[in-house]
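Asker: Here you go, one structure.
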Amino acid sequence: MKLRYFILAGVALLGLSSCSDFLDKPSDTRVTLTNTEQLRMLMVSAYPEYSYVPFCEISTDNFIDNNSPGIDGVRFNLSSYDRNDDEAFAFEDIRTSTGEDTPSGSWEGYYNAIATCNQVLEKVEEFENDGENSAKLQAVKGEALIDRAYCHFMLANIFCMPYRGPELSKDIPGIPYMTVPETTVKPHYERGTLAETYANIERDIEEGLPLINDAYYEKPKYHFNKQAAYTFASRFYLFKRDYAKVLECANMVFGGADVDPMPYMTDIWAHKEELEDPDDFNRYYTSTAHMRNFMIIPTYSIYYRKIVAGNRYACNREAMKATLWDGKGPTWSGVHPCYNGCGMYVAGSNQDYGLWWAAPVGEQFEYTDKVAGIGYAHQVLCEFTGEEALLNRAEAKLFLGDIDGCVADLGVWEAARRNTTSSTSSLKPWSKEIVWNFYTTAEEKYVYNIRPERREVLGAKYLDSLYYGIAKPIHIDIVCPSTQYHNSPEINPYLQCIQHFRRIEFIFRGMRWFDIKRYGISYSHTIGKDSRVVTLNPNIESGELDGRMALQIPNEVIAAGIEPNTRLVTPVTTSFKKAVVPPSSDE
């Protein structure tokens, strides 16, 4: 019995000893950031992991429903890849999925990136208070500030109505602007106003831009290097309609106002002999070796499978003709020289339907088990490019009164496509006059060429077929009124050219959704075999914007106490039961 007691006592002492050892160790196993190099390395994980592209792109006029009859009455019976595609195409709340390629995934991804930025910035402040002020520390601070601004900017443009200037935006809900790490359980956040959100973004941009220093990046194009940061700044100021700042930032991208931007344009078709399949096109287009690619963001996404798998929604018919194939342009007809990608036509029973995708769209698969054939699908986003900076600058020059400078920049974009296409025999010379004539005619035909009494008979589908909807009316002055800058008949054809070139440049990249919002472009989606028509923005001329321009806040976020969007739907729906025939030429 004594032996047993001794053994039990020994066990108890051992237990107390190991318990004491355990209590002596910190329970928080997170890494403690103690130096600037750790902060620099942490910024690698400060970028969003999910793509906004799929649900934004399918919401635009770049996509049609193959299951809805065309003008000739032919339709197909295809399945959508995911129910959330049906919701996005119909401008409904996207509720059925919450992972990758959804608004829920984007909300989580951007706020996770913001949380990392805030953690880094808190430590930067601590290090600065301790007397450290190294160039590397300031570079890390600059990257974190610009990244935080970018993530909030994307959240605002996905989940808020378009920016409407400093006064009107005070009445528009914004998004929670996070500036410090979260330290409490289930904190409550207010959305604030969109005016406040934009003011906070601008503050971070102005503080962060001078601090960006490319010398401290091991792989600069995966970070906010100088060219990427200034391109983002030019995008922000473009949406804000601060055109003087757009011009300043875009000039910084290229190294000055007089520097030739041509080296920053695509040259993909000059290498078409080397690019044998779609994967080759995508790898070439997204390569960090190209001067045009300023910042690359790898994301988890199955977007490529939605595009090429023969699904219900596709870039086809009028949408295809306005962007990629057999369309019209000021200096071309037929295949667009600017089309940077591949296409496939799949034969149907009565006609073909197109499955089109471009070089930005591709899947890079990460195997976690090659034997089992499982892993993660990725889409690489070329988020900031030379083409965007150039088109941003062209629009700024236009509103600043420099029409010749605007046309010259657009000419650089057009010449880059001219240089890389296989044949230039069908291309007309670029000129200011040809831009004026083409886009004036395109908009007139779209808006005026059908007598009012025939519009109801022919319907939205035929109206869209007039010049394929290339020059839909622009209402930028209604969306974002300005006392200083105005669209006018004198500049409208050039603005139409800019929005057309942007539509082609950003095809399959989601940016068209943001341009539709800021330009106030109205368009319709025709859905299903019964040709149900849903129209976005039908009453924009009244000054009351369609609430569906702001995607709904994710369910789980609303449940946590964030105010949802009021997505008021204007009841404009029409059903066309049978095909319509275009009028004769004398009509």
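By order in the structure tokens, chains are A, B, ...; within a chain, residues start at 1; ligands start at 1, following the order shown.
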Residues at most 9 Å from A:Met43, counting only C-alpha atoms, excluding those fewer than 6 positions away in the same chain, as a PDB file with N, CA and C atoms, in the first residue's frame?
Answerer:
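Saved result, part-v2.pdb, follows:
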ATOM      1  N   ALA A 113      -7.848  40.223 -46.859  1.00  0.00           N
ATOM      2  CA  ALA A 113      -6.668  40.966 -47.297  1.00  0.00           C
ATOM      3  C   ALA A 113      -6.530  42.270 -46.519  1.00  0.00           C
ATOM      4  N   THR A 116      -5.051  41.724 -43.077  1.00  0.00           N
ATOM      5  CA  THR A 116      -3.593  41.574 -43.100  1.00  0.00           C
ATOM      6  C   THR A 116      -2.922  42.932 -43.232  1.00  0.00           C
ATOM      7  N   CYS A 117      -3.446  43.772 -44.096  1.00  0.00           N
ATOM      8  CA  CYS A 117      -2.887  45.123 -44.243  1.00  0.00           C
ATOM      9  C   CYS A 117      -2.930  45.881 -42.920  1.00  0.00           C
ATOM     10  N   VAL A 120      -0.296  44.673 -40.515  1.00  0.00           N
ATOM     11  CA  VAL A 120       1.018  45.198 -40.896  1.00  0.00           C
ATOM     12  C   VAL A 120       1.135  46.671 -40.527  1.00  0.00           C
ATOM     13  N   VAL A 140       6.975  49.075 -47.153  1.00  0.00           N
ATOM     14  CA  VAL A 140       5.947  48.148 -46.677  1.00  0.00           C
ATOM     15  C   VAL A 140       4.681  48.919 -46.311  1.00  0.00           C
ATOM     16  N   GLU A 143       2.837  49.928 -49.509  1.00  0.00           N
ATOM     17  CA  GLU A 143       2.123  48.814 -50.133  1.00  0.00           C
ATOM     18  C   GLU A 143       0.845  48.480 -49.367  1.00  0.00           C
ATOM     19  N   ALA A 144       0.935  48.465 -48.044  1.00  0.00           N
ATOM     20  CA  ALA A 144      -0.237  48.126 -47.235  1.00  0.00           C
ATOM     21  C   ALA A 144      -1.342  49.171 -47.395  1.00  0.00           C
ATOM     22  N   HIS A 223       2.838  42.337 -56.470  1.00  0.00           N
ATOM     23  CA  HIS A 223       2.623  43.342 -55.428  1.00  0.00           C
ATOM     24  C   HIS A 223       2.224  44.669 -56.074  1.00  0.00           C
TER      25      HIS A 223
END
Asker: Which residues are close to stretch 291-303 of chain A, i.e. within 7 Å by only C-alpha atoms, leaving aside same-chain residues fewer than 5 positions away? Reply as an MDAnalysis selection string.
Answerer: chainID A and resid 49:51 54 100:101 221:224 227:228 263:266 376:386
Asker: Would you please extract all helix (DSSP H, G or I) residues from stretch 454-556 of chain A, as assigned by DSSP on the backbone, and give them as a ChimeraX atom specification?
Answerer: /A:454-469,476-479,492-505,511-519,540-542,547-549,555-556
Asker: If we count only C-alpha atoms and set the cut-off at 12 Å, which residues sit around A:Ile478, ignoring sequence neighbours fewer than 3 positions away in its own chain? Please answer as a ChimeraX atom specification.
Answerer: /A:162-165,168,473-475,481-483,485-487,517-521,537,539-545
Asker: For atom CA of A:Ala90 and atom CA of A:Arg509, determine how far apart the two atoms are, in Å to one decimal place.
Answerer: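 Atom-to-atom, atom CA of A:Ala90 to atom CA of A:Arg509, that is 19.2 Å.
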Asker: Can you work out the spacing between atom CA of A:Gly174 and atom CA of A:Gly192 in Å, to one decimal?
Answerer: 5.3 Å
Asker: Could you tell me which of A:Ser488, A:Asn133, A:Ser169, A:Gln119 comes closest to A:Glu182 if we count only C-alpha atoms?
Answerer: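 Smallest distance to A:Glu182 is found for A:Gln119.
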